[in-house]
Each structure stands twice: as structure tokens, then as C-alpha cells.
>>> print(open('entry32.pdb').read())   # PDB, C-alpha atoms
ATOM      1  CA  MET J   1      -1.066  -1.291   0.564
ATOM      2  CA  ARG J   2       0.702  -2.927  -2.362
ATOM      3  CA  ASN J   3       0.811  -2.537  -6.093
ATOM      4  CA  CYS J   4       1.708  -5.957  -7.468
ATOM      5  CA  ARG J   5       2.345  -7.472 -10.861
ATOM      6  CA  GLY J   6       3.164 -10.941  -9.494
ATOM      7  CA  ALA J   7       0.311 -11.116  -7.026
ATOM      8  CA  ALA J   8      -0.429 -14.789  -7.629
ATOM      9  CA  GLY J   9       3.142 -15.972  -7.009
ATOM     10  CA  LYS J  10       4.639 -17.610  -3.937
ATOM     11  CA  ASP J  11       7.030 -14.708  -3.309
ATOM     12  CA  PHE J  12       4.118 -12.295  -3.026
ATOM     13  CA  PHE J  13       2.400 -14.274  -0.272
ATOM     14  CA  ARG J  14       5.686 -14.838   1.551
ATOM     15  CA  PHE J  15       6.329 -11.092   1.647
ATOM     16  CA  SER J  16       2.667 -10.417   2.482
ATOM     17  CA  LYS J  17       2.858 -12.657   5.542
ATOM     18  CA  TYR J  18       6.108 -10.983   6.568
ATOM     19  CA  TYR J  19       4.570  -7.479   6.420
ATOM     20  CA  ILE J  20       1.318  -8.562   8.078
ATOM     21  CA  ASP J  21       3.201 -10.251  10.950
ATOM     22  CA  ILE J  22       5.259  -7.090  11.570
ATOM     23  CA  TYR J  23       2.645  -4.372  11.105
ATOM     24  CA  LYS J  24      -0.462  -6.276  12.264
ATOM     25  CA  SER J  25      -2.376  -5.130   9.176
ATOM     26  CA  GLU J  26      -6.154  -4.901   9.559
ATOM     27  CA  ILE J  27      -6.831  -3.821   5.962
ATOM     28  CA  TYR J  28      -4.673  -5.076   3.112
ATOM     29  CA  VAL J  29      -5.016  -3.717  -0.423
ATOM     30  CA  LEU J  30      -3.711  -5.074  -3.711
ATOM     31  CA  MET J  31      -3.691  -3.110  -6.933
ATOM     32  CA  VAL J  32      -2.996  -3.925 -10.588
ATOM     33  CA  ILE J  33      -3.948  -7.564 -10.168
ATOM     34  CA  ARG J  34      -3.872  -9.593 -13.369
ATOM     35  CA  CYS J  35      -5.831 -12.642 -12.329
ATOM     36  CA  ASP J  36      -9.303 -13.469 -11.052
ATOM     37  CA  PRO J  37      -9.882 -11.898  -7.598
ATOM     38  CA  MET J  38     -11.541 -15.149  -6.515
ATOM     39  CA  ASN J  39      -8.080 -16.750  -6.617
ATOM     40  CA  PHE J  40      -7.228 -14.725  -3.506
ATOM     41  CA  GLN J  41     -10.138 -15.776  -1.304
ATOM     42  CA  ASN J  42      -8.535 -18.836   0.342
ATOM     43  CA  PRO J  43      -4.988 -17.395   0.623
ATOM     44  CA  PHE J  44      -6.364 -14.269   2.307
ATOM     45  CA  LYS J  45      -8.318 -16.405   4.774
ATOM     46  CA  LYS J  46      -5.046 -18.159   5.672
ATOM     47  CA  LEU J  47      -3.541 -14.706   6.299
ATOM     48  CA  GLY J  48      -6.394 -13.866   8.686
ATOM     49  CA  PHE J  49      -8.658 -11.748   6.457
ATOM     50  CA  GLN J  50     -12.305 -12.753   6.504
ATOM     51  CA  LYS J  51     -13.769 -10.305   3.967
ATOM     52  CA  CYS J  52     -12.704  -9.209   0.482
ATOM     53  CA  ILE J  53     -14.128  -6.566  -1.863
ATOM     54  CA  SER J  54     -12.780  -6.282  -5.403
ATOM     55  CA  VAL J  55     -13.123  -4.715  -8.831
ATOM     56  CA  VAL J  56     -11.696  -6.574 -11.817
ATOM     57  CA  LYS J  57      -9.188  -5.152 -14.252
ATOM     58  CA  ILE J  58     -10.298  -3.516 -17.481
ATOM     59  CA  GLY J  59      -8.213  -4.701 -20.421
ATOM     60  CA  TYR J  60      -4.565  -4.875 -19.389
ATOM     61  CA  VAL J  61      -4.716  -2.443 -16.472
ATOM     62  CA  GLY J  62      -6.439  -1.972 -13.147
ATOM     63  CA  GLY J  63      -7.909  -4.310 -10.604
ATOM     64  CA  ILE J  64      -8.271  -3.715  -6.852
ATOM     65  CA  ILE J  65      -8.776  -6.065  -3.899
ATOM     66  CA  VAL J  66      -9.474  -4.820  -0.363
ATOM     67  CA  ALA J  67      -9.133  -7.487   2.350
ATOM     68  CA  CYS J  68     -10.293  -6.854   5.918
ATOM     69  CA  LYS J  69     -10.003  -8.535   9.331
ATOM     70  CA  GLU J  70     -13.604  -8.327  10.481
ATOM     71  CA  ASP J  71     -12.744  -9.011  14.101
ATOM     72  CA  LYS J  72     -10.960  -5.623  14.067
ATOM     73  CA  LEU J  73     -12.859  -3.563  11.489
ATOM     74  CA  LYS J  74     -16.185  -3.571   9.737
ATOM     75  CA  ILE J  75     -16.263  -2.446   6.118
ATOM     76  CA  VAL J  76     -19.439  -1.928   4.103
ATOM     77  CA  LEU J  77     -19.353  -1.456   0.349
ATOM     78  CA  VAL J  78     -20.971   1.840  -0.685
ATOM     79  CA  SER J  79     -20.212   1.705  -4.413
ATOM     80  CA  LYS J  80     -17.557   0.534  -6.833
ATOM     81  CA  TRP J  81     -16.514   1.174 -10.394
ATOM     82  CA  GLY J  82     -13.592   0.203 -12.618
ATOM     83  CA  GLN J  83     -11.342   2.887 -11.083
ATOM     84  CA  PHE J  84     -12.333   2.818  -7.413
ATOM     85  CA  ILE J  85     -13.904   1.025  -4.444
ATOM     86  CA  HIS J  86     -15.902   3.272  -2.072
ATOM     87  CA  MET J  87     -16.441   1.878   1.465
ATOM     88  CA  GLN J  88     -17.591   2.837   4.939
ATOM     89  CA  VAL J  89     -15.310   1.685   7.759
ATOM     90  CA  LYS J  90     -15.925   1.329  11.500
ATOM     91  CA  ASN J  91     -13.211   0.260  13.939
ATOM     92  CA  ASP J  92     -13.447  -1.387  17.359
ATOM     93  CA  LYS J  93     -13.324   2.066  19.006
ATOM     94  CA  GLY J  94     -16.541   3.075  17.271
ATOM     95  CA  GLN J  95     -14.860   5.528  14.893
ATOM     96  CA  GLU J  96     -16.360   5.672  11.409
ATOM     97  CA  TRP J  97     -15.050   7.070   8.164
ATOM     98  CA  ILE J  98     -15.287   6.729   4.396
ATOM     99  CA  PHE J  99     -12.410   4.929   2.684
ATOM    100  CA  THR J 100     -11.948   5.128  -1.090
ATOM    101  CA  MET J 101      -9.343   3.058  -2.929
ATOM    102  CA  VAL J 102      -8.452   4.451  -6.364
ATOM    103  CA  TYR J 103      -6.759   2.988  -9.397
ATOM    104  CA  ALA J 104      -6.803   5.863 -11.902
ATOM    105  CA  SER J 105      -6.692   4.926 -15.572
ATOM    106  CA  PRO J 106      -3.521   5.725 -17.555
ATOM    107  CA  ASP J 107      -5.840   7.323 -20.112
ATOM    108  CA  GLU J 108      -6.341  11.025 -19.338
ATOM    109  CA  HIS J 109      -9.935  11.034 -20.591
ATOM    110  CA  ASN J 110     -10.870   8.165 -18.250
ATOM    111  CA  ARG J 111      -9.125   9.893 -15.335
ATOM    112  CA  LYS J 112     -11.242  12.980 -16.019
ATOM    113  CA  HIS J 113     -14.344  10.796 -15.717
ATOM    114  CA  LEU J 114     -13.035   9.458 -12.381
ATOM    115  CA  TRP J 115     -12.680  12.967 -10.961
ATOM    116  CA  GLU J 116     -16.141  13.904 -12.202
ATOM    117  CA  ILE J 117     -17.549  11.047 -10.107
ATOM    118  CA  MET J 118     -15.366  12.085  -7.169
ATOM    119  CA  ARG J 119     -16.707  15.642  -7.401
ATOM    120  CA  LEU J 120     -20.249  14.292  -7.042
ATOM    121  CA  THR J 121     -19.065  12.484  -3.902
ATOM    122  CA  TYR J 122     -17.618  15.736  -2.507
ATOM    123  CA  ALA J 123     -21.024  17.367  -2.596
ATOM    124  CA  THR J 124     -22.641  14.825  -0.271
ATOM    125  CA  MET J 125     -19.654  13.968   1.949
ATOM    126  CA  ASP J 126     -20.394  14.645   5.632
ATOM    127  CA  MET J 127     -17.935  12.175   7.218
ATOM    128  CA  PRO J 128     -14.170  11.836   7.604
ATOM    129  CA  TRP J 129     -12.896  10.706   4.197
ATOM    130  CA  LEU J 130      -9.614   8.978   3.310
ATOM    131  CA  VAL J 131      -8.707   8.507  -0.357
ATOM    132  CA  VAL J 132      -5.759   6.257  -1.202
ATOM    133  CA  GLY J 133      -4.399   4.881  -4.417
ATOM    134  CA  TYR J 134      -2.579   5.012  -7.687
ATOM    135  CA  PHE J 135      -3.589   8.309  -9.302
ATOM    136  CA  ASN J 136      -1.377   8.100 -12.396
ATOM    137  CA  ASP J 137      -0.620  11.804 -11.928
ATOM    138  CA  ILE J 138       1.648  13.990  -9.847
ATOM    139  CA  ALA J 139       0.845  17.254  -8.110
ATOM    140  CA  TYR J 140       4.295  18.909  -8.261
ATOM    141  CA  ALA J 141       7.324  18.873 -10.544
ATOM    142  CA  ASN J 142       9.607  17.594  -7.735
ATOM    143  CA  GLU J 143       7.563  14.365  -7.584
ATOM    144  CA  LYS J 144       9.300  13.123 -10.743
ATOM    145  CA  LYS J 145      12.932  12.319 -11.570
ATOM    146  CA  GLY J 146      14.231  11.419 -15.022
ATOM    147  CA  GLY J 147      12.482  11.257 -18.374
ATOM    148  CA  GLY J 148      10.790  14.146 -20.131
ATOM    149  CA  GLN J 149       9.680  17.466 -18.731
ATOM    150  CA  VAL J 150       6.827  17.494 -16.214
ATOM    151  CA  SER J 151       3.490  18.699 -17.607
ATOM    152  CA  ALA J 152       2.521  21.816 -15.647
ATOM    153  CA  ARG J 153      -1.002  21.501 -17.055
ATOM    154  CA  LYS J 154      -1.509  17.983 -15.630
ATOM    155  CA  CYS J 155      -0.072  18.991 -12.250
ATOM    156  CA  SER J 156      -2.443  21.941 -12.157
ATOM    157  CA  ILE J 157      -5.468  19.758 -12.975
ATOM    158  CA  PHE J 158      -4.551  17.261 -10.264
ATOM    159  CA  GLY J 159      -4.155  20.046  -7.708
ATOM    160  CA  GLU J 160      -7.470  21.643  -8.706
ATOM    161  CA  ASN J 161      -9.291  18.318  -8.334
ATOM    162  CA  MET J 162      -7.921  17.845  -4.824
ATOM    163  CA  GLU J 163      -8.728  21.417  -3.838
ATOM    164  CA  ALA J 164     -12.293  21.112  -5.134
ATOM    165  CA  GLY J 165     -12.951  18.324  -2.628
ATOM    166  CA  ASN J 166     -11.087  19.999   0.254
ATOM    167  CA  LEU J 167      -8.583  17.131   0.067
ATOM    168  CA  SER J 168      -4.962  17.447   1.154
ATOM    169  CA  ASP J 169      -1.892  15.210   1.110
ATOM    170  CA  LEU J 170      -1.251  13.281   4.321
ATOM    171  CA  GLY J 171       2.490  13.257   3.579
ATOM    172  CA  ALA J 172       4.814  10.281   3.977
ATOM    173  CA  LYS J 173       8.139   9.138   5.407
ATOM    174  CA  GLY J 174      10.499   7.149   3.251
ATOM    175  CA  SER J 175      11.273   7.328  -0.433
ATOM    176  CA  ASN J 176      10.318  10.492  -2.313
ATOM    177  CA  TYR J 177       8.963   8.324  -5.126
ATOM    178  CA  THR J 178       6.509   5.431  -5.012
ATOM    179  CA  TRP J 179       7.040   4.116  -8.557
ATOM    180  CA  GLY J 180      10.154   3.267 -10.543
ATOM    181  CA  GLY J 181       9.801   2.539 -14.239
ATOM    182  CA  PRO J 182      11.769  -0.065 -16.200
ATOM    183  CA  ILE J 183      15.350   0.670 -17.243
ATOM    184  CA  TYR J 184      15.432   1.945 -20.816
ATOM    185  CA  HIS J 185      18.315   1.880 -23.286
ATOM    186  CA  GLY J 186      21.128   3.946 -21.867
ATOM    187  CA  GLY J 187      20.329   2.953 -18.273
ATOM    188  CA  GLN J 188      17.851   5.735 -17.506
ATOM    189  CA  ARG J 189      14.924   5.036 -15.196
ATOM    190  CA  ILE J 190      11.978   7.307 -14.431
ATOM    191  CA  TYR J 191      10.832   7.734 -10.820
ATOM    192  CA  GLU J 192       7.508   9.300  -9.821
ATOM    193  CA  ARG J 193       5.228   9.665  -6.834
ATOM    194  CA  LEU J 194       2.133   8.223  -8.477
ATOM    195  CA  ASP J 195       0.596   6.830  -5.281
ATOM    196  CA  GLU J 196      -1.028   9.272  -2.873
ATOM    197  CA  VAL J 197      -2.757   9.270   0.497
ATOM    198  CA  ILE J 198      -5.142  12.224   0.746
ATOM    199  CA  ARG J 199      -7.931  13.134   3.170
ATOM    200  CA  ASN J 200     -10.502  15.779   3.955
ATOM    201  CA  GLU J 201     -10.373  18.111   6.943
ATOM    202  CA  GLU J 202     -12.775  15.973   8.991
ATOM    203  CA  TRP J 203     -10.502  12.931   8.648
ATOM    204  CA  ARG J 204      -7.430  15.003   9.579
ATOM    205  CA  LEU J 205      -9.102  16.154  12.795
ATOM    206  CA  ALA J 206     -10.458  12.698  13.647
ATOM    207  CA  PHE J 207      -7.078  10.974  13.171
ATOM    208  CA  SER J 208      -4.518  13.616  14.078
ATOM    209  CA  GLU J 209      -1.784  11.028  14.765
ATOM    210  CA  ALA J 210      -2.183   9.229  11.430
ATOM    211  CA  HIS J 211       0.964   8.829   9.367
ATOM    212  CA  VAL J 212       2.195   7.155   6.194
ATOM    213  CA  LYS J 213       5.400   5.233   5.536
ATOM    214  CA  ILE J 214       6.764   4.233   2.131
ATOM    215  CA  LEU J 215       8.241   0.752   2.593
ATOM    216  CA  THR J 216      11.078  -0.900   0.669
ATOM    217  CA  ARG J 217      10.148  -1.972  -2.842
ATOM    218  CA  VAL J 218      10.182  -5.703  -3.590
ATOM    219  CA  ASP J 219      11.402  -7.282  -6.832
ATOM    220  CA  PHE J 220       8.025  -8.287  -8.251
ATOM    221  CA  SER J 221       6.543  -4.763  -8.271
ATOM    222  CA  HIS J 222       7.485  -1.380  -9.743
ATOM    223  CA  HIS J 223       5.716   0.234  -6.762
ATOM    224  CA  HIS J 224       6.676   0.591  -3.123
ATOM    225  CA  PRO J 225       4.283  -0.848  -0.522
ATOM    226  CA  ILE J 226       2.586   1.872   1.528
ATOM    227  CA  LYS J 227       1.719   1.533   5.225
ATOM    228  CA  ILE J 228      -0.961   3.770   6.739
ATOM    229  CA  SER J 229      -1.239   3.908  10.531
ATOM    230  CA  LEU J 230      -4.003   5.716  12.401
ATOM    231  CA  SER J 231      -1.821   6.173  15.481
ATOM    232  CA  PHE J 232       1.797   5.814  16.516
ATOM    233  CA  CYS J 233       2.725   2.205  17.253
ATOM    234  CA  ASN J 234       5.849   0.273  18.165
ATOM    235  CA  TYR J 235       5.933  -2.792  15.956
ATOM    236  CA  GLY J 236       7.656  -5.946  17.104
ATOM    237  CA  ARG J 237      10.239  -7.710  15.001
ATOM    238  CA  VAL J 238       9.704 -11.120  13.480
ATOM    239  CA  ALA J 239      12.173 -13.638  14.920
ATOM    240  CA  LYS J 240      14.885 -14.560  12.416
ATOM    241  CA  SER J 241      15.865 -18.149  11.699
ATOM    242  CA  PHE J 242      19.220 -19.379  13.009
ATOM    243  CA  ARG J 243      22.001 -19.516  10.401
ATOM    244  CA  PHE J 244      25.285 -21.387  10.886
ATOM    245  CA  GLU J 245      28.515 -19.641   9.833
ATOM    246  CA  SER J 246      31.264 -22.029   8.709
ATOM    247  CA  ALA J 247      33.921 -19.492   9.743
ATOM    248  CA  TRP J 248      33.049 -20.129  13.385
ATOM    249  CA  MET J 249      34.796 -23.498  13.133
ATOM    250  CA  LEU J 250      38.122 -21.724  12.452
ATOM    251  CA  GLU J 251      38.205 -20.447  16.020
ATOM    252  CA  GLU J 252      40.474 -22.552  18.258
ATOM    253  CA  ASN J 253      38.019 -22.578  21.169
ATOM    254  CA  TYR J 254      34.959 -23.275  18.979
ATOM    255  CA  MET J 255      34.262 -26.796  20.271
ATOM    256  CA  ASP J 256      34.683 -25.755  23.920
ATOM    257  CA  ARG J 257      32.270 -22.849  23.526
ATOM    258  CA  LEU J 258      29.782 -24.977  21.603
ATOM    259  CA  GLN J 259      29.834 -27.583  24.374
ATOM    260  CA  GLY J 260      29.307 -24.878  26.981
ATOM    261  CA  PHE J 261      26.348 -23.316  25.136
ATOM    262  CA  TRP J 262      24.841 -26.745  24.536
ATOM    263  CA  ASN J 263      25.045 -27.667  28.212
ATOM    264  CA  ASN J 264      23.388 -24.350  29.182
ATOM    265  CA  ASN J 265      20.569 -24.830  26.634
ATOM    266  CA  GLU J 266      21.639 -21.689  24.759
TER     267      GLU J 266
END
>>> encode(input="entry32.pdb", output="C-alpha cells")
Amino acid sequence: MRNCRGAAGKDFFRFSKYYIDIYKSEIYVLMVIRCDPMNFQNPFKKLGFQKCISVVKIGYVGGIIVACKEDKLKIVLVSKWGQFIHMQVKNDKGQEWIFTMVYASPDEHNRKHLWEIMRLTYATMDMPWLVVGYFNDIAYANEKKGGGQVSARKCSIFGENMEAGNLSDLGAKGSNYTWGGPIYHGGQRIYERLDEVIRNEEWRLAFSEAHVKILTRVDFSHHHPIKISLSFCNYGRVAKSFRFESAWMLEENYMDRLQGFWNNNE
């Protein structure tokens, strides 16, 4: 999963292909997109994703696209709204679960409305449920560094909303923070863990080996990409292009070694 401000640029698709080639992504999610989701249809097909579900941004914020490789997974839209996409997923092993992607509004009143809808979902949920996204809130004071004092009230509300739905944090390896704000005057930057991966007890039992990794942040986003794996995998490495070092020519035996490698097809 990515949170991208420059999602229509060439760098974004170059990095997307790099991550997809390494991690063999079957679902790929973009958040905070600032262009028409239809612009992504053809590029995603080139990356191997046959199906896309999206919600458009509201004003200057929001926007979600979920892309899926249908030869690996089947996703069916259940419902969507400005702050979430609610889907049912079935993999090639026959496992089924509910997957909800969230982009919570920066406005506290709108976030309250989001959780009211989520609470209605809790009441009827009878399947494994994974909820992922940008919640615009933190659960604990240690999930923020820099800036003003953490609001204990907001942390408490976030925790109560998770508890009401029997949802718990899946945890993550990597950076302690998923978002880094811009550098303000004086060089101070605020870091927060605004992106969460949470699930209900049924999902935890169904996917006991699932784990989350916070990947290295790229220049065109304030957020770190997040990788969610349902089981432990060994990912291959993408072959690197050959690069010539001019300093090699300073070695006295350079030409002899080059001729030897060339003759041996190395």
C-alpha cells in the first residue's frame, strides 16, 4: 500500500513496478490521489492488475484506488463512501475475508461519522475482517515525535473505536512512524504513525502468519509504503543493471583481465 501525492508521475510508476516485481503484489492500493482514477486504468493493466475499485477525492483530500490481479484474487465491492472502500476478498486457496480500505478525513467531525458507519458494520460482521488505511489519528502518545503535545482525548477515542469492533493492531516491522510532515522554520519535522493495519479476532486466527512491514519512504510521498503479507515468504531480488567504474582502468592488469572475462563469456 502507498500514500502518494505524485501518483500520476513517471517516478511513481517506476517505483511501483520495482515493488511489484520484488513482492509479487496481488492487491495494490493508492491513497490521496489528486487526479481522475480513470487515468490509472491502462497503467495498472500494464502492471498486471485487471480490476480497479476507487473512490474520488473530496475537495483537496482523500481518494482511494484498489487494484487487484484477478488471476490470484477475486474482490467484490460491498460498499464505498468518501472515506472507505468495503470489499469481500477470496484467494486461490478458497479463503474469504472482508477487506476495508480507509482514508479518514482530517476533520474530526467527519472522522466521527466514519466510525459511526464502522460501528454499524461491526454489528453484522461474521467473517474475518482486515481494516487498513490512513486513520489521521494515533492510539498512543509514543506514536508521535515532535510538534505539540499529544491529545490524550483523541487517543482515547481512537482506542475506544477499535475496542468497540473487537479490532486490534497487527503490528509492523520497520519505522516506528508512517508519516513525516514537512520541515518547518527551525528545521523541526513532525513524525506520526497515522497509517494502521487492524483486524478482528477471526482474521487473526485465519491468518496467523500474517505480518506487516513498513518500507522505505520515497521522495514523492510523506508516507511510507506498507506491505502486508498473509504468510512468510522469501522474495527474490530484482537483477541490477551493470555499471562501469572508471577506476577499474587504473589497475595495471585491467586489459588482461577484461580479455580473459570476455573470452569466457563472463
>>> atom_distance(input="entry32.pdb", atom1="CA of His113 (chain J)", atom2="CA of Ile138 (chain J)")
17.3 Å
>>> resolve_selection(input="entry32.pdb", expression="the PyMOL selection byres ((chain J and resi 86-96) around 12)", output="PyMOL selection string")
chain J and resi 26-27+52-55+64-85+97-103+117-118+121+125-133+202-203+206-207+230
>>> resolve_selection(input="entry32.pdb", expression="the PyMOL selection byres ((chain J and resi 197) around 6)", output="VMD selection string")
chain J and resid 132 170 196 198
>>> closest_residue(input="entry32.pdb", among="J:Asn263, J:Ser105, J:Ser175, J:Thr124", to="His224 (chain J)", atoms="only C-alpha atoms")
J:Ser175
>>> atom_distance(input="entry32.pdb", atom1="CA of Tyr191 (chain J)", atom2="CA of Ser229 (chain J)")
24.8 Å
>>> resolve_selection(input="entry32.pdb", expression="the PyMOL selection byres ((chain J and resi 225) around 10)", output="PyMOL selection string")
chain J and resi 1-4+19+29-30+178-179+195+213-218+221-224+226-227
>>> closest_residue(input="entry32.pdb", among="J:Ile157, J:Ala172, J:Ala152, J:Ile228", to="Arg193 (chain J)", atoms="all atoms listed in the file")
J:Ala172
>>> atom_distance(input="entry32.pdb", atom1="CA of Asn200 (chain J)", atom2="CA of Glu163 (chain J)")
9.8 Å
>>> residues_near_point(input="entry32.pdb", point="(11.2, 12.5, -17.6)", cutoff="12 Å", atoms="all atoms listed in the file", output="PyMOL selection string")
chain J and resi 141-151+180-181+184+188-192
>>> closest_residue(input="entry32.pdb", among="J:Asp21, J:Gln259, J:Lys154, J:Leu194", to="His109 (chain J)", atoms="only C-alpha atoms")
J:Lys154
>>> closest_residue(input="entry32.pdb", among="J:Gly165, J:Phe158, J:Ala247, J:Ala139", to="Lys112 (chain J)", atoms="only C-alpha atoms")
J:Phe158
>>> build_atoms(input="entry32.pdb", residues="region 18-28 of chain J", atoms="all heavy atoms", output="short mmCIF file (atom, residue, chain, number, x, y, z; two decimals), in the frame of the given file")
data_model
loop_
_atom_site.label_atom_id
_atom_site.label_comp_id
_atom_site.auth_asym_id
_atom_site.auth_seq_id
_atom_site.Cartn_x
_atom_site.Cartn_y
_atom_site.Cartn_z
N TYR J 18 5.05 -11.68 5.82
CA TYR J 18 6.11 -10.98 6.57
C TYR J 18 5.62 -9.61 7.02
O TYR J 18 5.74 -9.23 8.19
CB TYR J 18 7.35 -10.86 5.68
CG TYR J 18 8.48 -10.08 6.30
CD1 TYR J 18 9.30 -10.65 7.26
CD2 TYR J 18 8.73 -8.77 5.92
CE1 TYR J 18 10.35 -9.93 7.84
CE2 TYR J 18 9.77 -8.04 6.48
CZ TYR J 18 10.57 -8.63 7.43
OH TYR J 18 11.59 -7.91 7.99
N TYR J 19 5.04 -8.82 6.09
CA TYR J 19 4.57 -7.48 6.42
C TYR J 19 3.40 -7.53 7.41
O TYR J 19 3.33 -6.73 8.34
CB TYR J 19 4.13 -6.74 5.15
CG TYR J 19 5.29 -6.17 4.35
CD1 TYR J 19 5.50 -6.55 3.03
CD2 TYR J 19 6.16 -5.26 4.93
CE1 TYR J 19 6.55 -6.03 2.30
CE2 TYR J 19 7.22 -4.73 4.21
CZ TYR J 19 7.42 -5.12 2.88
OH TYR J 19 8.46 -4.61 2.17
N ILE J 20 2.49 -8.46 7.21
CA ILE J 20 1.32 -8.56 8.08
C ILE J 20 1.74 -8.94 9.50
O ILE J 20 1.20 -8.42 10.48
CB ILE J 20 0.32 -9.58 7.50
CG1 ILE J 20 -0.31 -9.02 6.22
CG2 ILE J 20 -0.77 -9.91 8.52
CD1 ILE J 20 -1.04 -10.05 5.40
N ASP J 21 2.71 -9.85 9.63
CA ASP J 21 3.20 -10.25 10.95
C ASP J 21 3.85 -9.07 11.68
O ASP J 21 3.71 -8.93 12.89
CB ASP J 21 4.21 -11.40 10.83
CG ASP J 21 3.54 -12.72 10.49
OD1 ASP J 21 2.30 -12.80 10.61
OD2 ASP J 21 4.25 -13.66 10.07
N ILE J 22 4.57 -8.23 10.94
CA ILE J 22 5.26 -7.09 11.57
C ILE J 22 4.27 -5.98 11.92
O ILE J 22 4.25 -5.48 13.05
CB ILE J 22 6.35 -6.53 10.64
CG1 ILE J 22 7.51 -7.52 10.51
CG2 ILE J 22 6.89 -5.20 11.19
CD1 ILE J 22 8.60 -7.06 9.57
N TYR J 23 3.47 -5.58 10.95
CA TYR J 23 2.64 -4.37 11.10
C TYR J 23 1.22 -4.64 11.57
O TYR J 23 0.44 -3.70 11.76
CB TYR J 23 2.62 -3.60 9.78
CG TYR J 23 4.00 -3.17 9.34
CD1 TYR J 23 4.53 -3.61 8.13
CD2 TYR J 23 4.78 -2.34 10.14
CE1 TYR J 23 5.80 -3.22 7.72
CE2 TYR J 23 6.05 -1.96 9.75
CZ TYR J 23 6.55 -2.40 8.53
OH TYR J 23 7.81 -2.02 8.14
N LYS J 24 0.86 -5.92 11.76
CA LYS J 24 -0.46 -6.28 12.26
C LYS J 24 -1.56 -5.63 11.41
O LYS J 24 -2.51 -5.01 11.93
CB LYS J 24 -0.62 -5.85 13.73
CG LYS J 24 0.55 -6.21 14.63
CD LYS J 24 0.85 -7.70 14.63
CE LYS J 24 2.04 -8.02 15.54
NZ LYS J 24 2.46 -9.43 15.44
N SER J 25 -1.46 -5.78 10.11
CA SER J 25 -2.38 -5.13 9.18
C SER J 25 -3.81 -5.58 9.39
O SER J 25 -4.09 -6.78 9.54
CB SER J 25 -1.96 -5.45 7.73
OG SER J 25 -0.61 -5.12 7.52
N GLU J 26 -4.73 -4.62 9.42
CA GLU J 26 -6.15 -4.90 9.56
C GLU J 26 -6.88 -4.76 8.23
O GLU J 26 -7.92 -5.37 8.03
CB GLU J 26 -6.76 -3.99 10.62
CG GLU J 26 -6.15 -4.24 12.01
CD GLU J 26 -6.65 -3.27 13.06
OE1 GLU J 26 -7.46 -2.37 12.71
OE2 GLU J 26 -6.22 -3.37 14.22
N ILE J 27 -6.36 -3.92 7.34
CA ILE J 27 -6.83 -3.82 5.96
C ILE J 27 -5.62 -4.00 5.06
O ILE J 27 -4.57 -3.41 5.31
CB ILE J 27 -7.51 -2.47 5.68
CG1 ILE J 27 -8.80 -2.34 6.48
CG2 ILE J 27 -7.82 -2.32 4.19
CD1 ILE J 27 -9.55 -1.04 6.25
N TYR J 28 -5.78 -4.80 4.04
CA TYR J 28 -4.67 -5.08 3.11
C TYR J 28 -5.21 -4.89 1.70
O TYR J 28 -6.25 -5.46 1.35
CB TYR J 28 -4.18 -6.50 3.32
CG TYR J 28 -2.78 -6.77 2.81
CD1 TYR J 28 -1.69 -6.09 3.34
CD2 TYR J 28 -2.55 -7.72 1.82
CE1 TYR J 28 -0.41 -6.35 2.89
CE2 TYR J 28 -1.26 -7.99 1.37
CZ TYR J 28 -0.20 -7.30 1.91
OH TYR J 28 1.07 -7.56 1.47
#
